[in-house]
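Structure below is entry_29.pdb: PDB, C-alpha atoms.
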MODEL        1
ATOM      1  CA  MET A   1      50.371  57.620  19.401
ATOM      2  CA  ASN A   2      48.896  54.239  20.373
ATOM      3  CA  LEU A   3      49.518  53.183  23.983
ATOM      4  CA  TYR A   4      46.425  51.006  24.238
ATOM      5  CA  GLY A   5      46.930  47.953  26.440
ATOM      6  CA  ARG A   6      50.344  49.082  27.720
ATOM      7  CA  SER A   7      51.295  48.872  31.382
ATOM      8  CA  PHE A   8      53.051  51.818  33.047
ATOM      9  CA  LEU A   9      55.741  50.394  35.325
ATOM     10  CA  THR A  10      58.783  52.637  34.783
ATOM     11  CA  LEU A  11      59.732  55.401  32.353
ATOM     12  CA  LEU A  12      62.506  53.124  31.120
ATOM     13  CA  ASP A  13      59.758  51.384  29.120
ATOM     14  CA  TYR A  14      58.630  54.577  27.355
ATOM     15  CA  THR A  15      60.251  56.627  24.606
ATOM     16  CA  PRO A  16      60.666  60.408  24.876
ATOM     17  CA  GLU A  17      57.964  60.772  22.219
ATOM     18  CA  GLU A  18      55.533  58.625  24.229
ATOM     19  CA  ILE A  19      56.270  60.582  27.401
ATOM     20  CA  ARG A  20      55.690  63.841  25.548
ATOM     21  CA  TYR A  21      52.390  62.480  24.232
ATOM     22  CA  LEU A  22      51.251  61.687  27.787
ATOM     23  CA  LEU A  23      52.229  65.194  28.930
ATOM     24  CA  ASP A  24      50.315  66.786  26.064
ATOM     25  CA  LEU A  25      47.281  64.644  26.832
ATOM     26  CA  ALA A  26      47.511  65.576  30.524
ATOM     27  CA  ARG A  27      47.676  69.253  29.599
ATOM     28  CA  ARG A  28      44.510  68.886  27.516
ATOM     29  CA  LEU A  29      42.676  67.036  30.272
ATOM     30  CA  LYS A  30      43.780  69.632  32.817
ATOM     31  CA  ARG A  31      42.399  72.437  30.665
ATOM     32  CA  GLU A  32      39.101  70.585  30.255
ATOM     33  CA  LYS A  33      38.912  69.941  34.010
ATOM     34  CA  HIS A  34      39.451  73.625  34.808
ATOM     35  CA  LEU A  35      36.850  74.657  32.213
ATOM     36  CA  ARG A  36      34.359  72.083  33.556
ATOM     37  CA  ILE A  37      34.331  70.285  30.220
ATOM     38  CA  GLY A  38      33.351  66.670  30.810
ATOM     39  CA  HIS A  39      35.571  63.898  29.502
ATOM     40  CA  ARG A  40      33.867  60.674  30.588
ATOM     41  CA  HIS A  41      35.523  58.696  27.811
ATOM     42  CA  LEU A  42      35.691  55.397  29.705
ATOM     43  CA  MET A  43      32.081  54.944  30.828
ATOM     44  CA  GLY A  44      31.358  51.406  31.974
ATOM     45  CA  ARG A  45      35.001  50.567  32.689
ATOM     46  CA  ASN A  46      36.333  49.657  36.128
ATOM     47  CA  ILE A  47      39.738  49.884  37.801
ATOM     48  CA  VAL A  48      41.104  48.588  41.100
ATOM     49  CA  LEU A  49      43.700  50.241  43.318
ATOM     50  CA  LEU A  50      45.962  47.904  45.300
ATOM     51  CA  PHE A  51      47.687  49.751  48.133
ATOM     52  CA  GLU A  52      50.335  48.188  50.361
ATOM     53  CA  LYS A  53      51.646  51.688  51.190
ATOM     54  CA  THR A  54      49.283  54.486  52.182
ATOM     55  CA  SER A  55      49.162  57.776  50.277
ATOM     56  CA  THR A  56      47.048  60.899  50.058
ATOM     57  CA  ARG A  57      47.976  62.131  46.583
ATOM     58  CA  THR A  58      48.221  58.791  44.762
ATOM     59  CA  ARG A  59      44.907  57.458  46.033
ATOM     60  CA  CYS A  60      43.000  60.692  45.494
ATOM     61  CA  ALA A  61      44.527  61.242  42.055
ATOM     62  CA  PHE A  62      43.613  57.743  40.834
ATOM     63  CA  GLU A  63      40.112  57.860  42.334
ATOM     64  CA  VAL A  64      39.238  61.297  40.944
ATOM     65  CA  ALA A  65      40.880  60.515  37.593
ATOM     66  CA  GLY A  66      38.886  57.306  37.247
ATOM     67  CA  ARG A  67      35.600  58.947  38.153
ATOM     68  CA  ASP A  68      36.235  61.956  35.911
ATOM     69  CA  LEU A  69      36.660  59.461  33.072
ATOM     70  CA  GLY A  70      33.354  57.810  33.992
ATOM     71  CA  MET A  71      34.839  54.694  35.563
ATOM     72  CA  GLY A  72      34.051  52.644  38.632
ATOM     73  CA  VAL A  73      36.925  52.616  41.152
ATOM     74  CA  THR A  74      37.609  50.004  43.864
ATOM     75  CA  PHE A  75      40.194  50.648  46.578
ATOM     76  CA  LEU A  76      41.856  47.708  48.354
ATOM     77  CA  ASP A  77      44.210  48.267  51.276
ATOM     78  CA  PRO A  78      46.297  45.412  52.741
ATOM     79  CA  ALA A  79      43.473  44.359  55.061
ATOM     80  CA  SER A  80      41.053  44.098  52.126
ATOM     81  CA  SER A  81      43.095  41.758  49.938
ATOM     82  CA  GLN A  82      44.617  38.296  50.340
ATOM     83  CA  MET A  83      47.426  39.067  47.859
ATOM     84  CA  GLY A  84      50.690  37.560  49.069
ATOM     85  CA  ARG A  85      49.104  35.910  52.106
ATOM     86  CA  LYS A  86      46.430  33.427  51.085
ATOM     87  CA  GLU A  87      46.708  34.081  47.363
ATOM     88  CA  SER A  88      49.793  34.471  45.213
ATOM     89  CA  ILE A  89      50.467  37.648  43.275
ATOM     90  CA  GLU A  90      50.087  35.672  40.038
ATOM     91  CA  ASP A  91      46.655  34.356  41.021
ATOM     92  CA  THR A  92      45.534  37.744  42.300
ATOM     93  CA  ALA A  93      46.519  39.289  38.970
ATOM     94  CA  ARG A  94      44.552  36.712  36.986
ATOM     95  CA  VAL A  95      41.454  37.140  39.150
ATOM     96  CA  LEU A  96      41.479  40.934  39.085
ATOM     97  CA  GLY A  97      42.263  40.977  35.372
ATOM     98  CA  ARG A  98      38.976  39.110  34.749
ATOM     99  CA  MET A  99      36.996  41.718  36.708
ATOM    100  CA  TYR A 100      38.748  45.022  36.045
ATOM    101  CA  ASP A 101      40.006  46.907  33.006
ATOM    102  CA  GLY A 102      43.100  48.195  34.785
ATOM    103  CA  ILE A 103      45.055  47.694  38.016
ATOM    104  CA  GLU A 104      47.054  50.228  40.023
ATOM    105  CA  TYR A 105      49.640  48.983  42.527
ATOM    106  CA  ARG A 106      51.398  51.002  45.221
ATOM    107  CA  GLY A 107      53.710  49.086  47.499
ATOM    108  CA  PHE A 108      57.199  47.828  48.123
ATOM    109  CA  SER A 109      58.703  45.538  45.511
ATOM    110  CA  GLN A 110      59.108  46.471  41.851
ATOM    111  CA  ASN A 111      58.900  42.750  41.162
ATOM    112  CA  THR A 112      55.326  42.711  42.496
ATOM    113  CA  VAL A 113      54.065  45.270  40.006
ATOM    114  CA  GLU A 114      55.929  43.506  37.197
ATOM    115  CA  VAL A 115      54.360  40.143  38.106
ATOM    116  CA  LEU A 116      50.926  41.772  38.213
ATOM    117  CA  ALA A 117      51.519  43.167  34.727
ATOM    118  CA  LYS A 118      52.728  39.815  33.412
ATOM    119  CA  TYR A 119      49.672  37.863  34.557
ATOM    120  CA  ALA A 120      46.760  40.317  34.684
ATOM    121  CA  GLY A 121      46.032  40.611  30.989
ATOM    122  CA  VAL A 122      45.093  44.282  31.490
ATOM    123  CA  PRO A 123      47.204  47.422  31.950
ATOM    124  CA  VAL A 124      48.928  47.737  35.324
ATOM    125  CA  TRP A 125      50.094  51.133  36.616
ATOM    126  CA  ASN A 126      52.894  51.655  39.114
ATOM    127  CA  GLY A 127      51.718  54.071  41.808
ATOM    128  CA  LEU A 128      55.053  53.663  43.637
ATOM    129  CA  THR A 129      57.527  50.934  44.523
ATOM    130  CA  ASP A 130      60.777  51.046  46.449
ATOM    131  CA  GLN A 131      62.647  51.390  43.152
ATOM    132  CA  PHE A 132      60.522  53.630  40.912
ATOM    133  CA  HIS A 133      57.746  56.243  41.055
ATOM    134  CA  PRO A 134      56.812  56.901  37.407
ATOM    135  CA  THR A 135      53.432  58.603  37.919
ATOM    136  CA  GLN A 136      55.149  61.219  40.092
ATOM    137  CA  MET A 137      57.616  61.829  37.275
ATOM    138  CA  LEU A 138      54.933  62.754  34.767
ATOM    139  CA  ALA A 139      53.521  65.273  37.232
ATOM    140  CA  ASP A 140      57.008  66.687  37.804
ATOM    141  CA  LEU A 141      57.751  66.997  34.092
ATOM    142  CA  LEU A 142      54.420  68.698  33.431
ATOM    143  CA  THR A 143      55.065  71.160  36.280
ATOM    144  CA  ILE A 144      58.542  72.014  34.982
ATOM    145  CA  ASP A 145      57.239  72.416  31.430
ATOM    146  CA  GLU A 146      54.463  74.720  32.640
ATOM    147  CA  ARG A 147      56.976  76.944  34.452
ATOM    148  CA  PHE A 148      59.810  77.048  31.878
ATOM    149  CA  HIS A 149      57.897  76.174  28.668
ATOM    150  CA  ARG A 150      60.535  73.580  27.866
ATOM    151  CA  LEU A 151      62.189  70.480  29.263
ATOM    152  CA  GLU A 152      65.267  70.160  27.082
ATOM    153  CA  GLY A 153      68.318  71.694  28.710
ATOM    154  CA  ILE A 154      66.723  72.203  32.127
ATOM    155  CA  LYS A 155      69.138  71.496  35.001
ATOM    156  CA  LEU A 156      67.505  69.612  37.881
ATOM    157  CA  THR A 157      69.375  68.921  41.103
ATOM    158  CA  PHE A 158      68.073  66.348  43.569
ATOM    159  CA  MET A 159      69.410  66.934  47.083
ATOM    160  CA  GLY A 160      69.473  64.414  49.926
ATOM    161  CA  ASP A 161      68.747  60.694  49.762
ATOM    162  CA  ALA A 162      69.600  60.212  46.096
ATOM    163  CA  CYS A 163      69.203  56.428  46.034
ATOM    164  CA  ASN A 164      65.464  56.385  46.746
ATOM    165  CA  ASN A 165      62.646  55.735  44.266
ATOM    166  CA  VAL A 166      62.041  59.403  43.476
ATOM    167  CA  ALA A 167      65.703  60.152  42.734
ATOM    168  CA  ASN A 168      65.979  56.985  40.619
ATOM    169  CA  SER A 169      62.946  57.985  38.600
ATOM    170  CA  LEU A 170      63.983  61.628  38.226
ATOM    171  CA  MET A 171      67.325  60.515  36.842
ATOM    172  CA  VAL A 172      65.582  58.381  34.221
ATOM    173  CA  ALA A 173      62.975  61.059  33.422
ATOM    174  CA  CYS A 174      65.624  63.740  32.922
ATOM    175  CA  ALA A 175      67.697  61.429  30.738
ATOM    176  CA  LYS A 176      64.687  60.652  28.563
ATOM    177  CA  MET A 177      63.744  64.292  28.077
ATOM    178  CA  GLY A 178      67.178  65.768  27.393
ATOM    179  CA  MET A 179      67.538  67.393  30.816
ATOM    180  CA  HIS A 180      70.612  67.655  33.030
ATOM    181  CA  PHE A 181      70.206  65.648  36.242
ATOM    182  CA  THR A 182      72.484  66.070  39.247
ATOM    183  CA  ALA A 183      72.363  63.886  42.349
ATOM    184  CA  CYS A 184      73.759  66.039  45.157
ATOM    185  CA  ALA A 185      74.246  63.667  48.068
ATOM    186  CA  PRO A 186      76.798  61.767  50.137
ATOM    187  CA  ALA A 187      78.510  59.142  47.988
ATOM    188  CA  SER A 188      76.931  56.415  50.129
ATOM    189  CA  ARG A 189      73.459  57.629  49.019
ATOM    190  CA  PHE A 190      74.135  57.889  45.277
ATOM    191  CA  PRO A 191      71.854  55.901  42.922
ATOM    192  CA  ALA A 192      72.898  52.353  42.033
ATOM    193  CA  GLN A 193      75.777  52.401  39.557
ATOM    194  CA  SER A 194      73.981  50.116  37.093
ATOM    195  CA  LEU A 195      71.024  52.513  36.873
ATOM    196  CA  VAL A 196      73.370  55.497  36.598
ATOM    197  CA  GLN A 197      75.092  53.874  33.631
ATOM    198  CA  THR A 198      71.766  53.129  31.951
ATOM    199  CA  ALA A 199      70.568  56.695  32.517
ATOM    200  CA  ARG A 200      73.805  58.135  31.142
ATOM    201  CA  GLU A 201      73.446  56.092  27.965
ATOM    202  CA  ILE A 202      69.869  57.333  27.542
ATOM    203  CA  ALA A 203      70.863  60.936  28.305
ATOM    204  CA  GLU A 204      73.633  60.871  25.725
ATOM    205  CA  LYS A 205      71.094  60.015  23.013
ATOM    206  CA  ASN A 206      68.777  62.847  24.037
ATOM    207  CA  GLY A 207      71.201  65.672  24.754
ATOM    208  CA  GLY A 208      71.034  65.418  28.544
ATOM    209  CA  SER A 209      73.498  64.418  31.231
ATOM    210  CA  VAL A 210      73.775  62.691  34.612
ATOM    211  CA  THR A 211      76.124  64.039  37.297
ATOM    212  CA  LEU A 212      76.861  62.735  40.794
ATOM    213  CA  THR A 213      78.437  65.046  43.361
ATOM    214  CA  SER A 214      78.750  65.398  47.115
ATOM    215  CA  ASP A 215      79.625  69.089  46.836
ATOM    216  CA  VAL A 216      76.560  71.264  47.537
ATOM    217  CA  SER A 217      78.090  74.313  45.888
ATOM    218  CA  GLU A 218      78.858  72.378  42.729
ATOM    219  CA  GLY A 219      75.534  70.535  42.715
ATOM    220  CA  THR A 220      73.315  73.599  43.115
ATOM    221  CA  ARG A 221      75.246  75.959  40.840
ATOM    222  CA  ASP A 222      72.910  77.444  38.195
ATOM    223  CA  ALA A 223      70.263  74.774  38.809
ATOM    224  CA  ASP A 224      66.803  75.537  37.394
ATOM    225  CA  VAL A 225      65.120  73.101  39.787
ATOM    226  CA  LEU A 226      66.077  72.119  43.319
ATOM    227  CA  TYR A 227      64.230  68.958  44.297
ATOM    228  CA  THR A 228      64.231  66.986  47.527
ATOM    229  CA  ASP A 229      62.340  64.258  49.381
ATOM    230  CA  ILE A 230      62.047  63.144  53.003
ATOM    231  CA  TRP A 231      65.172  61.508  54.379
ATOM    232  CA  VAL A 232      63.551  58.274  55.602
ATOM    233  CA  SER A 233      61.192  56.501  53.219
ATOM    234  CA  MET A 234      57.994  54.694  54.132
ATOM    235  CA  GLY A 235      58.776  51.182  55.371
ATOM    236  CA  GLU A 236      62.226  52.043  56.716
ATOM    237  CA  PRO A 237      62.743  51.692  60.494
ATOM    238  CA  GLU A 238      62.644  54.772  62.725
ATOM    239  CA  SER A 239      66.084  53.786  63.995
ATOM    240  CA  VAL A 240      67.714  55.187  60.837
ATOM    241  CA  TRP A 241      66.558  58.774  61.508
ATOM    242  CA  LYS A 242      69.633  59.800  63.501
ATOM    243  CA  GLU A 243      71.997  58.355  60.904
ATOM    244  CA  ARG A 244      70.163  60.111  58.066
ATOM    245  CA  ILE A 245      69.991  63.432  59.905
ATOM    246  CA  ASP A 246      73.730  63.341  60.568
ATOM    247  CA  LEU A 247      74.436  62.334  56.977
ATOM    248  CA  LEU A 248      71.966  64.473  55.037
ATOM    249  CA  SER A 249      71.639  67.725  57.012
ATOM    250  CA  PRO A 250      74.268  69.443  54.807
ATOM    251  CA  TYR A 251      71.956  68.727  51.834
ATOM    252  CA  GLN A 252      68.926  70.550  53.218
ATOM    253  CA  VAL A 253      67.269  72.819  50.626
ATOM    254  CA  ASN A 254      67.531  76.299  52.119
ATOM    255  CA  GLN A 255      68.109  79.895  51.069
ATOM    256  CA  ALA A 256      71.858  79.353  50.812
ATOM    257  CA  ALA A 257      71.284  76.586  48.267
ATOM    258  CA  PHE A 258      68.946  78.813  46.254
ATOM    259  CA  ALA A 259      71.435  81.676  46.326
ATOM    260  CA  ASN A 260      73.707  79.436  44.245
ATOM    261  CA  ALA A 261      70.972  78.318  41.830
ATOM    262  CA  ALA A 262      69.663  80.079  38.727
ATOM    263  CA  ASP A 263      67.781  83.344  39.225
ATOM    264  CA  GLU A 264      64.431  81.795  38.223
ATOM    265  CA  ALA A 265      65.013  78.467  39.999
ATOM    266  CA  ILE A 266      62.030  76.666  41.509
ATOM    267  CA  PHE A 267      61.627  74.274  44.424
ATOM    268  CA  MET A 268      59.949  70.864  44.028
ATOM    269  CA  HIS A 269      59.036  68.085  46.460
ATOM    270  CA  CYS A 270      56.879  64.984  45.938
ATOM    271  CA  LEU A 271      55.338  65.403  49.436
ATOM    272  CA  PRO A 272      54.726  64.878  52.278
ATOM    273  CA  SER A 273      57.363  67.223  53.688
ATOM    274  CA  TYR A 274      58.734  67.864  57.163
ATOM    275  CA  HIS A 275      59.257  71.612  56.823
ATOM    276  CA  ASP A 276      57.644  72.585  60.147
ATOM    277  CA  LEU A 277      56.282  71.129  63.393
ATOM    278  CA  LYS A 278      52.667  70.712  62.255
ATOM    279  CA  THR A 279      52.878  66.915  61.845
ATOM    280  CA  GLU A 280      53.256  64.115  64.367
ATOM    281  CA  VAL A 281      56.484  62.975  62.749
ATOM    282  CA  GLY A 282      57.867  66.500  62.611
ATOM    283  CA  MET A 283      57.159  66.994  66.305
ATOM    284  CA  GLN A 284      58.706  63.635  67.191
ATOM    285  CA  ILE A 285      61.874  64.573  65.308
ATOM    286  CA  TYR A 286      61.988  67.901  67.154
ATOM    287  CA  GLN A 287      61.569  66.213  70.527
ATOM    288  CA  LYS A 288      64.309  63.662  69.781
ATOM    289  CA  PHE A 289      66.799  65.733  67.808
ATOM    290  CA  GLY A 290      65.819  69.389  68.281
ATOM    291  CA  LEU A 291      65.212  70.055  64.566
ATOM    292  CA  THR A 292      62.326  72.295  63.529
ATOM    293  CA  GLU A 293      62.862  71.662  59.802
ATOM    294  CA  MET A 294      64.211  68.674  57.921
ATOM    295  CA  GLU A 295      64.891  68.247  54.211
ATOM    296  CA  VAL A 296      63.696  71.780  53.353
ATOM    297  CA  THR A 297      63.284  74.951  55.367
ATOM    298  CA  ASP A 298      59.822  76.377  55.875
ATOM    299  CA  GLU A 299      61.043  79.621  54.323
ATOM    300  CA  VAL A 300      61.763  77.869  51.016
ATOM    301  CA  PHE A 301      58.711  75.594  51.152
ATOM    302  CA  GLU A 302      56.334  78.539  51.583
ATOM    303  CA  SER A 303      58.158  80.858  49.187
ATOM    304  CA  ALA A 304      57.129  81.993  45.712
ATOM    305  CA  ARG A 305      59.801  79.632  44.362
ATOM    306  CA  SER A 306      57.868  76.616  45.603
ATOM    307  CA  VAL A 307      55.631  74.827  43.081
ATOM    308  CA  VAL A 308      54.883  71.808  45.267
ATOM    309  CA  PHE A 309      51.111  72.233  45.149
ATOM    310  CA  ASP A 310      51.055  72.717  41.372
ATOM    311  CA  GLU A 311      53.090  69.516  41.300
ATOM    312  CA  ALA A 312      50.594  67.755  43.592
ATOM    313  CA  GLU A 313      47.619  68.815  41.469
ATOM    314  CA  ASN A 314      49.362  67.614  38.333
ATOM    315  CA  ARG A 315      49.361  64.093  39.762
ATOM    316  CA  LEU A 316      45.644  64.037  38.927
ATOM    317  CA  HIS A 317      45.978  65.193  35.334
ATOM    318  CA  THR A 318      48.970  63.037  34.418
ATOM    319  CA  ILE A 319      47.515  59.910  36.030
ATOM    320  CA  LYS A 320      44.290  60.555  34.158
ATOM    321  CA  ALA A 321      46.299  60.760  30.935
ATOM    322  CA  VAL A 322      47.980  57.401  31.652
ATOM    323  CA  ILE A 323      44.637  55.724  32.357
ATOM    324  CA  LEU A 324      42.985  57.152  29.247
ATOM    325  CA  ALA A 325      45.919  56.455  26.934
ATOM    326  CA  THR A 326      46.313  52.827  28.018
ATOM    327  CA  LEU A 327      42.606  51.958  28.147
ATOM    328  CA  SER A 328      41.388  53.774  25.035
ATOM    329  CA  LYS A 329      41.932  52.840  21.400
ATOM    330  CA  GLN A 330      41.312  56.424  20.250
TER     331      GLN A 330
ENDMDL
END

Structure encoded using structure tokens:
Amino acid sequence: MNLYGRSFLTLLDYTPEEIRYLLDLARRLKREKHLRIGHRHLMGRNIVLLFEKTSTRTRCAFEVAGRDLGMGVTFLDPASSQMGRKESIEDTARVLGRMYDGIEYRGFSQNTVEVLAKYAGVPVWNGLTDQFHPTQMLADLLTIDERFHRLEGIKLTFMGDACNNVANSLMVACAKMGMHFTACAPASRFPAQSLVQTAREIAEKNGGSVTLTSDVSEGTRDADVLYTDIWVSMGEPESVWKERIDLLSPYQVNQAAFANAADEAIFMHCLPSYHDLKTEVGMQIYQKFGLTEMEVTDEVFESARSVVFDEAENRLHTIKAVILATLSKQ
């Protein structure tokens, strides 16, 4: 499988066979990491990380992945770059492409990462935009495969704000891999109809399906995976919290939801999560609205069903696989 020179912007650009190749490569790199087997295959290369949105997992995963592969890594936050202010995205791409072998972007607009990829002349990797989160999807697929030893036929239900970047990407990922995706949410928070139609066409070719429902009982029935995300995404105003709480509280992942799922069902979350009062945001929500838990109960989050930290670790191994596959001719 030759992915050399390819950018990684959305799973829509990758075939099921290419996605499977990346998962197999990630599994190999994970095994080598755990066995302390070095894999500095990209010595002398350099990558740059452009962050308009902060993150713990994405930054750490890209930095450790790059260094494990023997690369130099530069991190640029909004205060460290003139992109979009004094320098256009196109010009920034052409400058960085002359200095670095690969560029990661995490920010707002999907158009930004696509423009970077068009002009950089080197692979560009999408660490998150408002529309898609493809590196998270590889970690999710690897985690599911590790637990069930298959992807085909797995039923994954996303509960809550089903029109955000994670839900969009999960729908595409499931369609690509022959899984059954359900968006369990209010109709006003369903994914965009155009993307739903595209995903359904892909799913039909691969033996999967895409279902939209506002009925929690129907959406969670016999699900192998219950997945959720925070109800207000980064960059959205705090003023929408009350509206989202009123709208999405019935879609909280709790024990009642799991009672309706498959016996071996697991819980997944891309993190961070407001499952207790140990964060500033969680405490603020409690003080304003009296809620001690948000999108998932602490009981579920801390249960044996929860694989969220396996999922978080797998960000490292799958991102490393993307970097190696797109920068290496081997």

Exercise. Could you spell out the hits of the PyMOL selection byres ((chain A and resi 301) around 10) on the shown file, as a PyMOL selection string?
Worked result: chain A and resi 253-254+267-269+273-276+296-300+302-308

Problem set entry | Computed interatomic separation between CA of Val95 (chain A) and CA of Ser80 (chain A) (Å) | 14.7 Å

For this session: Excluding Pro16 (chain A) and any residue of its chain fewer than 2 positions from it, enumerate the residues within 6 Å of it, using all atoms listed in the file, and give them as a ChimeraX atom specification.
Result: /A:18-19,176-177

Could you write out that same residue set with C-alpha atoms as a PDB file, in the coordinates of the input?
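Saved the output as again30.pdb:
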ATOM      1  CA  GLU A  18      55.533  58.625  24.229  1.00  0.00           C
ATOM      2  CA  ILE A  19      56.270  60.582  27.401  1.00  0.00           C
ATOM      3  CA  LYS A 176      64.687  60.652  28.563  1.00  0.00           C
ATOM      4  CA  MET A 177      63.744  64.292  28.077  1.00  0.00           C
TER       5      MET A 177
END

Neighbours of Cys60 (chain A) within 10 Å (all atoms listed in the file; same-chain residues fewer than 5 positions away dropped), as a PDB file with C-alpha atoms, in the coordinates of the input?
ATOM      1  CA  SER A  55      49.162  57.776  50.277  1.00  0.00           C
ATOM      2  CA  ALA A  65      40.880  60.515  37.593  1.00  0.00           C
ATOM      3  CA  GLY A  66      38.886  57.306  37.247  1.00  0.00           C
ATOM      4  CA  ARG A 315      49.361  64.093  39.762  1.00  0.00           C
ATOM      5  CA  LEU A 316      45.644  64.037  38.927  1.00  0.00           C
TER       6      LEU A 316
END

Seminar exercise, completed: CA of Glu236 (chain A) to CA of Ala162 (chain A) measures 15.3 Å

For this session: Mind giving me the straight-line distance from CA of Lys30 (chain A) to CA of Thr58 (chain A) in Å, one decimal?
Result: 16.7 Å

Exercise. Using the chain letters and numbers from the file, which residues does the PyMOL selection byres ((chain A and resi 211) around 8) grab, as a ChimeraX atom specification?
Worked result: /A:180-183,209-210,212-213

For this session: Please evaluate the PyMOL selection byres ((chain A and resi 17) around 12) against the structure above and give the resulting residues as a list in words.
Result: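 Selected by the PyMOL selection byres ((chain A and resi 17) around 12) in this file: Met1, Asn2, Leu3, Leu11, Asp13, Tyr14, Thr15, Pro16, Glu18, Ile19, Arg20, Tyr21, Leu22, Leu23, Asp24, Lys176, Met177, Gly178 and Asn206 of chain A.
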
For this session: For Ala61 (chain A), list every protein, DNA or RNA residue within 12 Å, evaluated using only C-alpha atoms, and leave out those in the same chain fewer than 3 positions away; present the list as a list of chain:residue names.
Result: A:Leu49, A:Ser55, A:Thr56, A:Arg57, A:Thr58, A:Val64, A:Ala65, A:Gly66, A:Arg67, A:Asp68, A:Val73, A:Glu104, A:Gly127, A:Thr135, A:Gln136, A:Ala139, A:Glu311, A:Ala312, A:Glu313, A:Asn314, A:Arg315, A:Leu316, A:His317, A:Thr318, A:Ile319, A:Lys320, A:Ala321, A:Val322, A:Ile323

Seminar exercise, completed: Counting only C-alpha atoms, closest pick from A:Ile202, A:Cys270, A:Leu195, A:Met159 relative to Glu295 (chain A) is A:Met159

Problem set entry | Nearest residue to Arg28 (chain A) from the set A:Gly153, A:Gln110, A:Asp77, A:Leu324 (distances using all atoms listed in the file) |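 Under the stated criterion, the closest residue is A:Leu324.
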
Problem set entry | Nearest to Gln252 (chain A), chosen from A:Ile37, A:Ala192, A:Ala185, A:Leu12, with only C-alpha atoms counted in the distances |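 When distances to Gln252 (chain A) are compared using only C-alpha atoms, the smallest one comes from A:Ala185.
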
For this session: Counting only C-alpha atoms, figure out which residue out of A:Ala259, A:Ala175, A:Ile230, A:Ala79 gets nearest to Arg244 (chain A).
Result: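 Of the candidates, the smallest distance to Arg244 (chain A) is held by A:Ile230.
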
For this session: Point out the residue among A:Thr279, A:Ser81, A:Asn260, A:Ile266 with the least atom-to-atom distance to Thr143 (chain A), counting all atoms listed in the file.
Result: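 So, comparing all the options, the nearest one is A:Ile266.
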
Problem set entry | Using only C-alpha atoms: which of A:Asp101, A:Glu280, A:Glu114, A:Asp263 has the shortest distance to Arg221 (chain A) |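 The shortest atom-to-atom distance to Arg221 (chain A) comes from A:Asp263.
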
Exercise. If you count all atoms listed in the file, which residues fall within 12 Å of Leu76 (chain A), apart from same-chain ones fewer than 6 positions away, as a list in words?
Worked result: Ile47, Val48, Leu49, Leu50, Phe51, Glu52, Lys53, Thr54, Arg59, Glu63, Gln82, Met83, Leu96, Ile103, Glu104, Tyr105, Arg106 and Gly107 of chain A

Problem set entry | Shell of 8 Å around Asn164 (chain A), only C-alpha atoms, local chain residues under 2 positions omitted, as number ranges by chain | A: 130-131, 161-162, 166-168, 191, 233

Report the centre and edge lengths, in Å to one decimal, of an axis-aligned box enclosing every atom of region 14-28 of chain A listed in the file, padded by 5 Å on each side, as JSON.
{"center_x": 52.6, "center_y": 61.9, "center_z": 26.4, "size_x": 26.2, "size_y": 24.7, "size_z": 18.3}
